[in-house]
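Structure data (PDB, C-alpha atoms and all ligand atoms) from target.pdb:
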```pdb
ATOM      1  CA  MET O 243     176.902  91.540  33.600  1.00  0.00           C
ATOM      2  CA  ASP O 244     174.082  91.350  31.058  1.00  0.00           C
ATOM      3  CA  THR O 245     174.664  94.585  29.147  1.00  0.00           C
ATOM      4  CA  ASP O 246     171.845  93.637  26.750  1.00  0.00           C
ATOM      5  CA  ALA O 247     169.337  93.964  29.566  1.00  0.00           C
ATOM      6  CA  ILE O 248     170.530  97.516  30.186  1.00  0.00           C
ATOM      7  CA  SER O 249     170.496  98.713  26.590  1.00  0.00           C
ATOM      8  CA  ARG O 250     167.296  96.952  25.548  1.00  0.00           C
ATOM      9  CA  PRO O 251     164.146  99.098  25.782  1.00  0.00           C
ATOM     10  CA  SER O 252     161.444  97.613  27.989  1.00  0.00           C
ATOM     11  CA  PRO O 253     159.151  95.395  25.937  1.00  0.00           C
ATOM     12  CA  PHE O 254     155.535  96.007  24.990  1.00  0.00           C
ATOM     13  CA  ILE O 255     153.566  93.787  27.382  1.00  0.00           C
ATOM     14  CA  VAL O 256     150.090  92.410  26.757  1.00  0.00           C
ATOM     15  CA  GLY O 257     148.457  90.837  29.805  1.00  0.00           C
ATOM     16  CA  LEU O 258     146.442  87.766  28.782  1.00  0.00           C
ATOM     17  CA  THR O 259     143.785  86.504  31.124  1.00  0.00           C
ATOM     18  CA  GLY O 260     140.421  84.789  31.315  1.00  0.00           C
ATOM     19  CA  GLY O 261     138.445  82.547  33.622  1.00  0.00           C
ATOM     20  CA  ILE O 262     139.250  78.872  34.044  1.00  0.00           C
ATOM     21  CA  GLY O 263     138.579  77.003  30.802  1.00  0.00           C
ATOM     22  CA  SER O 264     138.049  80.178  28.776  1.00  0.00           C
ATOM     23  CA  GLY O 265     140.939  79.235  26.483  1.00  0.00           C
ATOM     24  CA  LYS O 266     143.922  81.251  27.808  1.00  0.00           C
ATOM     25  CA  SER O 267     146.378  78.446  27.173  1.00  0.00           C
ATOM     26  CA  ALA O 268     145.000  77.847  23.691  1.00  0.00           C
ATOM     27  CA  ALA O 269     145.223  81.590  22.940  1.00  0.00           C
ATOM     28  CA  ALA O 270     148.761  81.788  24.352  1.00  0.00           C
ATOM     29  CA  GLU O 271     149.817  78.884  22.107  1.00  0.00           C
ATOM     30  CA  ASN O 272     148.481  80.768  19.111  1.00  0.00           C
ATOM     31  CA  PHE O 273     150.310  83.958  20.115  1.00  0.00           C
ATOM     32  CA  ALA O 274     153.505  81.929  20.496  1.00  0.00           C
ATOM     33  CA  ALA O 275     152.948  80.449  17.032  1.00  0.00           C
ATOM     34  CA  CYS O 276     152.731  84.032  15.712  1.00  0.00           C
ATOM     35  CA  GLY O 277     156.170  84.689  17.240  1.00  0.00           C
ATOM     36  CA  ALA O 278     155.255  86.489  20.470  1.00  0.00           C
ATOM     37  CA  THR O 279     157.240  85.713  23.603  1.00  0.00           C
ATOM     38  CA  VAL O 280     154.886  84.081  26.118  1.00  0.00           C
ATOM     39  CA  VAL O 281     155.630  84.497  29.828  1.00  0.00           C
ATOM     40  CA  ASP O 282     153.236  82.225  31.706  1.00  0.00           C
ATOM     41  CA  THR O 283     152.930  82.647  35.485  1.00  0.00           C
ATOM     42  CA  ASP O 284     151.320  79.188  35.844  1.00  0.00           C
ATOM     43  CA  ALA O 285     154.305  77.595  34.153  1.00  0.00           C
ATOM     44  CA  ILE O 286     156.646  79.607  36.384  1.00  0.00           C
ATOM     45  CA  ALA O 287     154.760  78.482  39.514  1.00  0.00           C
ATOM     46  CA  HIS O 288     155.062  74.902  38.345  1.00  0.00           C
ATOM     47  CA  ALA O 289     158.798  75.206  37.686  1.00  0.00           C
ATOM     48  CA  LEU O 290     159.360  76.767  41.109  1.00  0.00           C
ATOM     49  CA  THR O 291     157.780  73.735  42.790  1.00  0.00           C
ATOM     50  CA  THR O 292     159.440  70.936  40.835  1.00  0.00           C
ATOM     51  CA  ALA O 293     162.402  69.070  42.358  1.00  0.00           C
ATOM     52  CA  GLY O 294     165.215  71.574  42.842  1.00  0.00           C
ATOM     53  CA  GLY O 295     162.843  74.495  42.164  1.00  0.00           C
ATOM     54  CA  ALA O 296     163.670  77.799  43.854  1.00  0.00           C
ATOM     55  CA  ALA O 297     160.607  77.610  46.130  1.00  0.00           C
ATOM     56  CA  MET O 298     161.298  74.130  47.465  1.00  0.00           C
ATOM     57  CA  PRO O 299     163.611  75.010  50.388  1.00  0.00           C
ATOM     58  CA  ALA O 300     161.059  77.497  51.764  1.00  0.00           C
ATOM     59  CA  ILE O 301     158.188  75.050  51.189  1.00  0.00           C
ATOM     60  CA  ARG O 302     160.043  72.317  53.032  1.00  0.00           C
ATOM     61  CA  ASP O 303     160.800  74.707  55.912  1.00  0.00           C
ATOM     62  CA  ALA O 304     157.196  75.911  56.104  1.00  0.00           C
ATOM     63  CA  PHE O 305     155.318  72.632  55.675  1.00  0.00           C
ATOM     64  CA  GLY O 306     157.793  69.870  56.499  1.00  0.00           C
ATOM     65  CA  PRO O 307     158.873  66.873  54.426  1.00  0.00           C
ATOM     66  CA  GLY O 308     155.329  65.440  54.377  1.00  0.00           C
ATOM     67  CA  LEU O 309     154.366  67.902  51.631  1.00  0.00           C
ATOM     68  CA  LEU O 310     157.177  66.712  49.360  1.00  0.00           C
ATOM     69  CA  ALA O 311     156.823  63.940  46.806  1.00  0.00           C
ATOM     70  CA  ALA O 312     159.465  61.208  46.645  1.00  0.00           C
ATOM     71  CA  ASP O 313     161.380  63.063  43.921  1.00  0.00           C
ATOM     72  CA  GLY O 314     161.629  66.258  46.001  1.00  0.00           C
ATOM     73  CA  SER O 315     158.955  68.219  44.132  1.00  0.00           C
ATOM     74  CA  MET O 316     155.924  69.641  45.920  1.00  0.00           C
ATOM     75  CA  ASP O 317     153.237  66.990  46.421  1.00  0.00           C
ATOM     76  CA  ARG O 318     150.511  68.875  44.572  1.00  0.00           C
ATOM     77  CA  ALA O 319     147.618  66.650  45.661  1.00  0.00           C
ATOM     78  CA  ALA O 320     148.695  66.840  49.325  1.00  0.00           C
ATOM     79  CA  MET O 321     149.135  70.618  49.081  1.00  0.00           C
ATOM     80  CA  ARG O 322     145.712  71.026  47.436  1.00  0.00           C
ATOM     81  CA  ALA O 323     144.100  69.020  50.231  1.00  0.00           C
ATOM     82  CA  LEU O 324     145.937  70.999  52.915  1.00  0.00           C
ATOM     83  CA  ALA O 325     145.117  74.368  51.339  1.00  0.00           C
ATOM     84  CA  PHE O 326     141.476  73.328  51.055  1.00  0.00           C
ATOM     85  CA  SER O 327     141.186  72.293  54.717  1.00  0.00           C
ATOM     86  CA  GLN O 328     143.407  75.078  56.128  1.00  0.00           C
ATOM     87  CA  PRO O 329     143.081  78.465  54.421  1.00  0.00           C
ATOM     88  CA  GLN O 330     146.145  79.761  56.332  1.00  0.00           C
ATOM     89  CA  ALA O 331     148.252  77.089  54.591  1.00  0.00           C
ATOM     90  CA  ARG O 332     147.187  78.533  51.238  1.00  0.00           C
ATOM     91  CA  THR O 333     148.110  82.029  52.427  1.00  0.00           C
ATOM     92  CA  ARG O 334     151.500  80.755  53.550  1.00  0.00           C
ATOM     93  CA  LEU O 335     152.163  79.012  50.244  1.00  0.00           C
ATOM     94  CA  GLU O 336     151.132  82.128  48.327  1.00  0.00           C
ATOM     95  CA  ALA O 337     153.457  84.246  50.494  1.00  0.00           C
ATOM     96  CA  ILE O 338     156.316  81.988  49.390  1.00  0.00           C
ATOM     97  CA  LEU O 339     155.365  81.698  45.724  1.00  0.00           C
ATOM     98  CA  HIS O 340     154.043  85.107  44.744  1.00  0.00           C
ATOM     99  CA  PRO O 341     157.244  87.140  45.190  1.00  0.00           C
ATOM    100  CA  LEU O 342     159.233  84.439  43.347  1.00  0.00           C
ATOM    101  CA  ILE O 343     156.716  84.346  40.491  1.00  0.00           C
ATOM    102  CA  ARG O 344     156.749  88.134  40.253  1.00  0.00           C
ATOM    103  CA  THR O 345     160.566  88.303  40.128  1.00  0.00           C
ATOM    104  CA  GLU O 346     160.898  85.492  37.593  1.00  0.00           C
ATOM    105  CA  SER O 347     158.153  86.862  35.341  1.00  0.00           C
ATOM    106  CA  GLU O 348     159.826  90.297  35.419  1.00  0.00           C
ATOM    107  CA  ARG O 349     163.131  88.701  34.506  1.00  0.00           C
ATOM    108  CA  GLU O 350     161.578  86.773  31.595  1.00  0.00           C
ATOM    109  CA  CYS O 351     159.744  89.871  30.328  1.00  0.00           C
ATOM    110  CA  ALA O 352     162.947  91.941  30.454  1.00  0.00           C
ATOM    111  CA  ALA O 353     164.896  89.213  28.640  1.00  0.00           C
ATOM    112  CA  ALA O 354     162.237  88.771  25.924  1.00  0.00           C
ATOM    113  CA  GLY O 355     163.530  89.095  22.391  1.00  0.00           C
ATOM    114  CA  GLY O 356     160.298  89.084  20.343  1.00  0.00           C
ATOM    115  CA  ALA O 357     158.264  92.044  19.095  1.00  0.00           C
ATOM    116  CA  TYR O 358     156.094  91.967  22.215  1.00  0.00           C
ATOM    117  CA  VAL O 359     155.379  89.852  25.280  1.00  0.00           C
ATOM    118  CA  ILE O 360     152.222  87.962  26.173  1.00  0.00           C
ATOM    119  CA  LEU O 361     152.139  87.871  29.980  1.00  0.00           C
ATOM    120  CA  ALA O 362     149.637  85.122  30.822  1.00  0.00           C
ATOM    121  CA  VAL O 363     148.228  85.565  34.329  1.00  0.00           C
ATOM    122  CA  PRO O 364     145.049  83.698  35.352  1.00  0.00           C
ATOM    123  CA  LEU O 365     144.231  86.246  38.096  1.00  0.00           C
ATOM    124  CA  LEU O 366     145.429  89.360  36.261  1.00  0.00           C
ATOM    125  CA  ILE O 367     142.256  91.357  36.871  1.00  0.00           C
ATOM    126  CA  GLU O 368     142.429  90.564  40.575  1.00  0.00           C
ATOM    127  CA  SER O 369     146.070  91.656  40.844  1.00  0.00           C
ATOM    128  CA  GLY O 370     147.032  95.343  40.800  1.00  0.00           C
ATOM    129  CA  SER O 371     150.755  94.739  40.406  1.00  0.00           C
ATOM    130  CA  TYR O 372     150.457  92.664  37.221  1.00  0.00           C
ATOM    131  CA  ARG O 373     147.930  95.053  35.710  1.00  0.00           C
ATOM    132  CA  GLU O 374     150.341  97.928  36.190  1.00  0.00           C
ATOM    133  CA  ARG O 375     152.981  96.145  34.137  1.00  0.00           C
ATOM    134  CA  CYS O 376     150.739  95.680  31.094  1.00  0.00           C
ATOM    135  CA  HIS O 377     150.372  98.089  28.196  1.00  0.00           C
ATOM    136  CA  ARG O 378     147.160  96.314  27.188  1.00  0.00           C
ATOM    137  CA  ILE O 379     144.866  93.752  28.771  1.00  0.00           C
ATOM    138  CA  CYS O 380     143.496  91.014  26.539  1.00  0.00           C
ATOM    139  CA  VAL O 381     140.658  88.908  27.946  1.00  0.00           C
ATOM    140  CA  VAL O 382     139.702  85.507  26.550  1.00  0.00           C
ATOM    141  CA  ASP O 383     135.964  85.207  26.962  1.00  0.00           C
ATOM    142  CA  CYS O 384     133.267  82.578  26.504  1.00  0.00           C
ATOM    143  CA  PRO O 385     129.937  81.797  28.178  1.00  0.00           C
ATOM    144  CA  GLU O 386     130.215  80.165  31.592  1.00  0.00           C
ATOM    145  CA  ASP O 387     128.479  76.959  30.461  1.00  0.00           C
ATOM    146  CA  LEU O 388     131.135  76.522  27.819  1.00  0.00           C
ATOM    147  CA  GLN O 389     133.912  77.139  30.374  1.00  0.00           C
ATOM    148  CA  ILE O 390     132.442  74.372  32.522  1.00  0.00           C
ATOM    149  CA  ALA O 391     132.032  71.954  29.627  1.00  0.00           C
ATOM    150  CA  ARG O 392     135.613  72.519  28.477  1.00  0.00           C
ATOM    151  CA  VAL O 393     137.109  72.114  31.941  1.00  0.00           C
ATOM    152  CA  ARG O 394     135.070  68.943  32.507  1.00  0.00           C
ATOM    153  CA  ALA O 395     136.323  67.495  29.242  1.00  0.00           C
ATOM    154  CA  ARG O 396     139.910  68.518  30.047  1.00  0.00           C
ATOM    155  CA  SER O 397     140.141  67.490  33.683  1.00  0.00           C
ATOM    156  CA  GLY O 398     137.141  65.430  34.708  1.00  0.00           C
ATOM    157  CA  LEU O 399     136.411  67.858  37.585  1.00  0.00           C
ATOM    158  CA  GLU O 400     132.797  67.969  38.722  1.00  0.00           C
ATOM    159  CA  GLU O 401     130.633  70.975  37.886  1.00  0.00           C
ATOM    160  CA  THR O 402     130.400  71.986  41.586  1.00  0.00           C
ATOM    161  CA  GLN O 403     134.211  72.005  41.885  1.00  0.00           C
ATOM    162  CA  ILE O 404     134.533  74.064  38.713  1.00  0.00           C
ATOM    163  CA  ARG O 405     131.882  76.525  39.902  1.00  0.00           C
ATOM    164  CA  ALA O 406     133.732  76.906  43.227  1.00  0.00           C
ATOM    165  CA  ILE O 407     136.893  77.861  41.308  1.00  0.00           C
ATOM    166  CA  MET O 408     134.916  80.270  39.117  1.00  0.00           C
ATOM    167  CA  ASP O 409     133.332  81.867  42.189  1.00  0.00           C
ATOM    168  CA  ALA O 410     136.813  82.596  43.585  1.00  0.00           C
ATOM    169  CA  GLN O 411     137.785  84.393  40.353  1.00  0.00           C
ATOM    170  CA  ALA O 412     136.665  87.781  39.059  1.00  0.00           C
ATOM    171  CA  SER O 413     133.278  87.584  37.354  1.00  0.00           C
ATOM    172  CA  ARG O 414     132.927  87.542  33.586  1.00  0.00           C
ATOM    173  CA  GLN O 415     131.566  91.113  33.743  1.00  0.00           C
ATOM    174  CA  GLU O 416     134.501  92.340  35.856  1.00  0.00           C
ATOM    175  CA  ARG O 417     136.993  90.841  33.424  1.00  0.00           C
ATOM    176  CA  LEU O 418     135.248  92.320  30.391  1.00  0.00           C
ATOM    177  CA  ALA O 419     135.103  95.746  32.070  1.00  0.00           C
ATOM    178  CA  ALA O 420     138.896  95.664  32.565  1.00  0.00           C
ATOM    179  CA  ALA O 421     139.669  94.478  29.018  1.00  0.00           C
ATOM    180  CA  ASP O 422     141.273  96.568  26.284  1.00  0.00           C
ATOM    181  CA  ASP O 423     140.811  93.682  23.851  1.00  0.00           C
ATOM    182  CA  VAL O 424     138.459  90.704  24.008  1.00  0.00           C
ATOM    183  CA  ILE O 425     138.937  87.369  22.275  1.00  0.00           C
ATOM    184  CA  ASP O 426     135.546  85.717  21.802  1.00  0.00           C
ATOM    185  CA  ASN O 427     136.337  82.028  22.286  1.00  0.00           C
ATOM    186  CA  SER O 428     132.791  80.719  21.926  1.00  0.00           C
ATOM    187  CA  GLY O 429     133.550  79.428  18.437  1.00  0.00           C
ATOM    188  CA  SER O 430     135.995  76.949  16.978  1.00  0.00           C
ATOM    189  CA  LEU O 431     139.754  76.745  17.537  1.00  0.00           C
ATOM    190  CA  GLU O 432     140.072  78.128  13.992  1.00  0.00           C
ATOM    191  CA  ASP O 433     138.013  81.209  15.017  1.00  0.00           C
ATOM    192  CA  LEU O 434     140.337  81.637  17.975  1.00  0.00           C
ATOM    193  CA  ARG O 435     143.431  81.423  15.769  1.00  0.00           C
ATOM    194  CA  ARG O 436     142.080  84.076  13.377  1.00  0.00           C
ATOM    195  CA  GLN O 437     141.367  86.511  16.220  1.00  0.00           C
ATOM    196  CA  VAL O 438     144.836  85.964  17.693  1.00  0.00           C
ATOM    197  CA  GLU O 439     146.419  86.629  14.296  1.00  0.00           C
ATOM    198  CA  ASP O 440     144.497  89.932  13.993  1.00  0.00           C
ATOM    199  CA  LEU O 441     145.597  90.972  17.478  1.00  0.00           C
ATOM    200  CA  ASP O 442     149.175  89.905  16.755  1.00  0.00           C
ATOM    201  CA  ARG O 443     149.271  92.326  13.818  1.00  0.00           C
ATOM    202  CA  ARG O 444     147.920  95.153  15.998  1.00  0.00           C
ATOM    203  CA  TYR O 445     150.265  94.458  18.890  1.00  0.00           C
ATOM    204  CA  ARG O 446     153.267  94.462  16.545  1.00  0.00           C
ATOM    205  CA  GLN O 447     152.206  97.863  15.204  1.00  0.00           C
ATOM    206  CA  GLU O 448     151.648  99.268  18.676  1.00  0.00           C
ATOM    207  CA  ALA O 449     154.932  97.851  19.969  1.00  0.00           C
ATOM    208  CA  ALA O 450     156.778  99.370  17.003  1.00  0.00           C
ATOM    209  CA  ARG O 451     155.156 102.752  17.703  1.00  0.00           C
ATOM    210  CA  GLY O 452     156.363 102.444  21.289  1.00  0.00           C
ATOM    211  CA  ALA O 453     152.803 102.740  22.580  1.00  0.00           C
TER
HETATM  212  P1  LIG V   1     142.414  77.943  30.235  1.00  0.00           P
HETATM  213  O1  LIG V   1     143.905  77.978  29.989  1.00  0.00           O
HETATM  214  O2  LIG V   1     141.772  79.286  30.114  1.00  0.00           O
HETATM  215  O3  LIG V   1     142.014  77.251  31.498  1.00  0.00           O
HETATM  216  P2  LIG V   1     142.410  76.128  27.959  1.00  0.00           P
HETATM  217  O4  LIG V   1     143.101  76.910  26.896  1.00  0.00           O
HETATM  218  O5  LIG V   1     143.205  75.062  28.649  1.00  0.00           O
HETATM  219  O6  LIG V   1     141.756  77.101  29.056  1.00  0.00           O
HETATM  220  O7  LIG V   1     141.085  75.530  27.328  1.00  0.00           O
HETATM  221  C1  LIG V   1     140.275  74.627  28.074  1.00  0.00           C
HETATM  222  C2  LIG V   1     140.001  73.378  27.230  1.00  0.00           C
HETATM  223  O8  LIG V   1     139.146  73.738  26.163  1.00  0.00           O
HETATM  224  C3  LIG V   1     141.253  72.774  26.596  1.00  0.00           C
HETATM  225  O9  LIG V   1     141.122  71.382  26.578  1.00  0.00           O
HETATM  226  C4  LIG V   1     141.263  73.367  25.196  1.00  0.00           C
HETATM  227  O10 LIG V   1     141.916  72.531  24.267  1.00  0.00           O
HETATM  228  C5  LIG V   1     139.775  73.482  24.897  1.00  0.00           C
HETATM  229  N1  LIG V   1     139.442  74.622  24.017  1.00  0.00           N
HETATM  230  C6  LIG V   1     139.860  75.902  24.148  1.00  0.00           C
HETATM  231  N2  LIG V   1     139.331  76.681  23.183  1.00  0.00           N
HETATM  232  C7  LIG V   1     138.552  75.876  22.427  1.00  0.00           C
HETATM  233  C8  LIG V   1     137.730  76.086  21.268  1.00  0.00           C
HETATM  234  N3  LIG V   1     137.582  77.286  20.696  1.00  0.00           N
HETATM  235  N4  LIG V   1     137.083  75.019  20.768  1.00  0.00           N
HETATM  236  C9  LIG V   1     137.201  73.794  21.337  1.00  0.00           C
HETATM  237  N5  LIG V   1     137.955  73.525  22.423  1.00  0.00           N
HETATM  238  C10 LIG V   1     138.621  74.553  22.973  1.00  0.00           C
END
```
Could you express the structure from this file as structure tokens?
Ligand code: ADP
Amino acid sequence: MDTDAISRPSPFIVGLTGGIGSGKSAAAENFAACGATVVDTDAIAHALTTAGGAAMPAIRDAFGPGLLAADGSMDRAAMRALAFSQPQARTRLEAILHPLIRTESERECAAAGGAYVILAVPLLIESGSYRERCHRICVVDCPEDLQIARVRARSGLEETQIRAIMDAQASRQERLAAADDVIDNSGSLEDLRRQVEDLDRRYRQEAARGA
């Protein structure tokens, strides 16, 4: 039995979110460099759907072997196409993944050893259960045009595809209204790093106070 998990007080959790291309991953990297423990639900979802991942038996049962790549991982392109053409397939996949992501992220938060945890959740604002777990909500923000330009440079997606993803997410105003802290990522990566370092100092103080 993990006696540490019983004796350890629950960690101070900062939910980190932002629209696609706002700079969540870049911010999370900076928090990690400051020594925070980063629990990333996207990374967990990815691990669950690699070969041998905990979601793979249920995915195979639900969708058949045609949705598996040769190595036994989920065929992401095939699943994207299926989810796009059949919304109920997306719902089914989410019904498999979401409880597993929730359980694994809870486990990683509870096992965290650092001063505080950054819980990175792209759809944090949209999700009541993740919001409830956070002591603070930190939103990475930048103008929509900049989001689009950054995603285009990163992925080569077309503007219409990026806008469709943005339309399915909370609006910039909704995210800002839910934020306790806002990182303005309209400047350079150096500006981003400085803001993360300021927040890191505050979060350490608040975690130490047991806020
Ligand atoms: P998200 O995780 O929110 O989708 P990313 O952190 O992946 O966004 O950032 C999107 C892209 O923009 C990445 O290629 C990243 O390196 C780049 N980027 C993020 N912040 C900045 C910045 N302040 N200046 C320049 N490029 C940035």
Spatial neighbours of range 443-453 of chain O, 12 Å, only C-alpha atoms, chain gap at least 5 places, as number ranges by chain: O: 251-257, 273, 276-279, 356-360, 376-380, 422-423, 436-438
Report as lines of an AutoDock Vina configuration file the centre and the edge lengths, in Å to one decimal, of the axis-aligned box holding every listed atom of range 344-355 of chain O, padded by 3 Å on each side.
```
center_x = 160.8
center_y = 88.7
center_z = 31.3
size_x = 14.1
size_y = 12.4
size_z = 23.9
```
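Atom pair CA of Ile286 in chain O / CA of Leu441 in chain O has a distance of 24.7 Å (rounded to one decimal).
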Best match for closeness to ligand LIG 1 (chain V) among O:Val393, O:Ile404, O:Leu342, O:Ala287, counting only C-alpha atoms and all ligand atoms: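 Among the listed residues, the smallest separation from ligand LIG 1 (chain V) belongs to O:Val393.
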Surroundings of ligand LIG 1 (chain V) up to 6 Å, based on all atoms listed in the file, as an NGL selection string: :O and (260-268 or 392-393 or 396 or 427 or 429-431 or 434)
Could you write out the selected residues, including C-alpha atoms, as a PDB file, keeping the file's coordinate frame?
```pdb
ATOM      1  CA  GLY O 260     140.421  84.789  31.315  1.00  0.00           C
ATOM      2  CA  GLY O 261     138.445  82.547  33.622  1.00  0.00           C
ATOM      3  CA  ILE O 262     139.250  78.872  34.044  1.00  0.00           C
ATOM      4  CA  GLY O 263     138.579  77.003  30.802  1.00  0.00           C
ATOM      5  CA  SER O 264     138.049  80.178  28.776  1.00  0.00           C
ATOM      6  CA  GLY O 265     140.939  79.235  26.483  1.00  0.00           C
ATOM      7  CA  LYS O 266     143.922  81.251  27.808  1.00  0.00           C
ATOM      8  CA  SER O 267     146.378  78.446  27.173  1.00  0.00           C
ATOM      9  CA  ALA O 268     145.000  77.847  23.691  1.00  0.00           C
ATOM     10  CA  ARG O 392     135.613  72.519  28.477  1.00  0.00           C
ATOM     11  CA  VAL O 393     137.109  72.114  31.941  1.00  0.00           C
ATOM     12  CA  ARG O 396     139.910  68.518  30.047  1.00  0.00           C
ATOM     13  CA  ASN O 427     136.337  82.028  22.286  1.00  0.00           C
ATOM     14  CA  GLY O 429     133.550  79.428  18.437  1.00  0.00           C
ATOM     15  CA  SER O 430     135.995  76.949  16.978  1.00  0.00           C
ATOM     16  CA  LEU O 431     139.754  76.745  17.537  1.00  0.00           C
ATOM     17  CA  LEU O 434     140.337  81.637  17.975  1.00  0.00           C
TER      18      LEU O 434
END
```
Matched chain/residue IDs from the PyMOL selection byres (((chain O and resi 314) around 12) and not hetatm), as number ranges by chain: O: 290-299, 301-302, 306-313, 315-318
For those residues, write C-alpha atoms to a file as a compact mmCIF listing (two decimals), in the frame of the given file.
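Just written: again.txt:
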```
# COMPACT_ATOMS: atom_id res chain seq x y z
CA LEU O 290 159.36 76.77 41.11
CA THR O 291 157.78 73.74 42.79
CA THR O 292 159.44 70.94 40.84
CA ALA O 293 162.40 69.07 42.36
CA GLY O 294 165.22 71.57 42.84
CA GLY O 295 162.84 74.50 42.16
CA ALA O 296 163.67 77.80 43.85
CA ALA O 297 160.61 77.61 46.13
CA MET O 298 161.30 74.13 47.46
CA PRO O 299 163.61 75.01 50.39
CA ILE O 301 158.19 75.05 51.19
CA ARG O 302 160.04 72.32 53.03
CA GLY O 306 157.79 69.87 56.50
CA PRO O 307 158.87 66.87 54.43
CA GLY O 308 155.33 65.44 54.38
CA LEU O 309 154.37 67.90 51.63
CA LEU O 310 157.18 66.71 49.36
CA ALA O 311 156.82 63.94 46.81
CA ALA O 312 159.46 61.21 46.64
CA ASP O 313 161.38 63.06 43.92
CA SER O 315 158.96 68.22 44.13
CA MET O 316 155.92 69.64 45.92
CA ASP O 317 153.24 66.99 46.42
CA ARG O 318 150.51 68.88 44.57
```
Length of the CA of Ile425 in chain O to CA of Val382 in chain O vector [Å]: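 Distance between the two atoms: 4.7 Å.
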Coordinates-based distance that separates CA of Ala337 in chain O from CA of Ala285 in chain O (Å, one decimal):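 Computed distance, CA of Ala285 in chain O to CA of Ala337 in chain O, equals 17.7 Å.
Using only C-alpha atoms, the nearest neighbour of Ala269 in chain O within the list O:Ser413, O:His288, O:Gly398, O:Asp383 is O:Asp383.
Considering the residues O:Val381, O:Gly370, O:Ala274, O:Thr259 and counting all atoms listed in the file, Asp442 in chain O has its shortest atom-to-atom contact with O:Ala274.
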8 Å contact set for Asp284 in chain O, all atoms listed in the file, chain neighbours under 6 positions out, as a list in words: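 Counting all atoms listed in the file, the residues come to Ala362, Val363 and Pro364 of chain O.
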Nearest-residue call for Asp387 in chain O, choices O:Glu374, O:Ala410, O:Arg349, O:Glu401, using only C-alpha atoms: O:Glu401
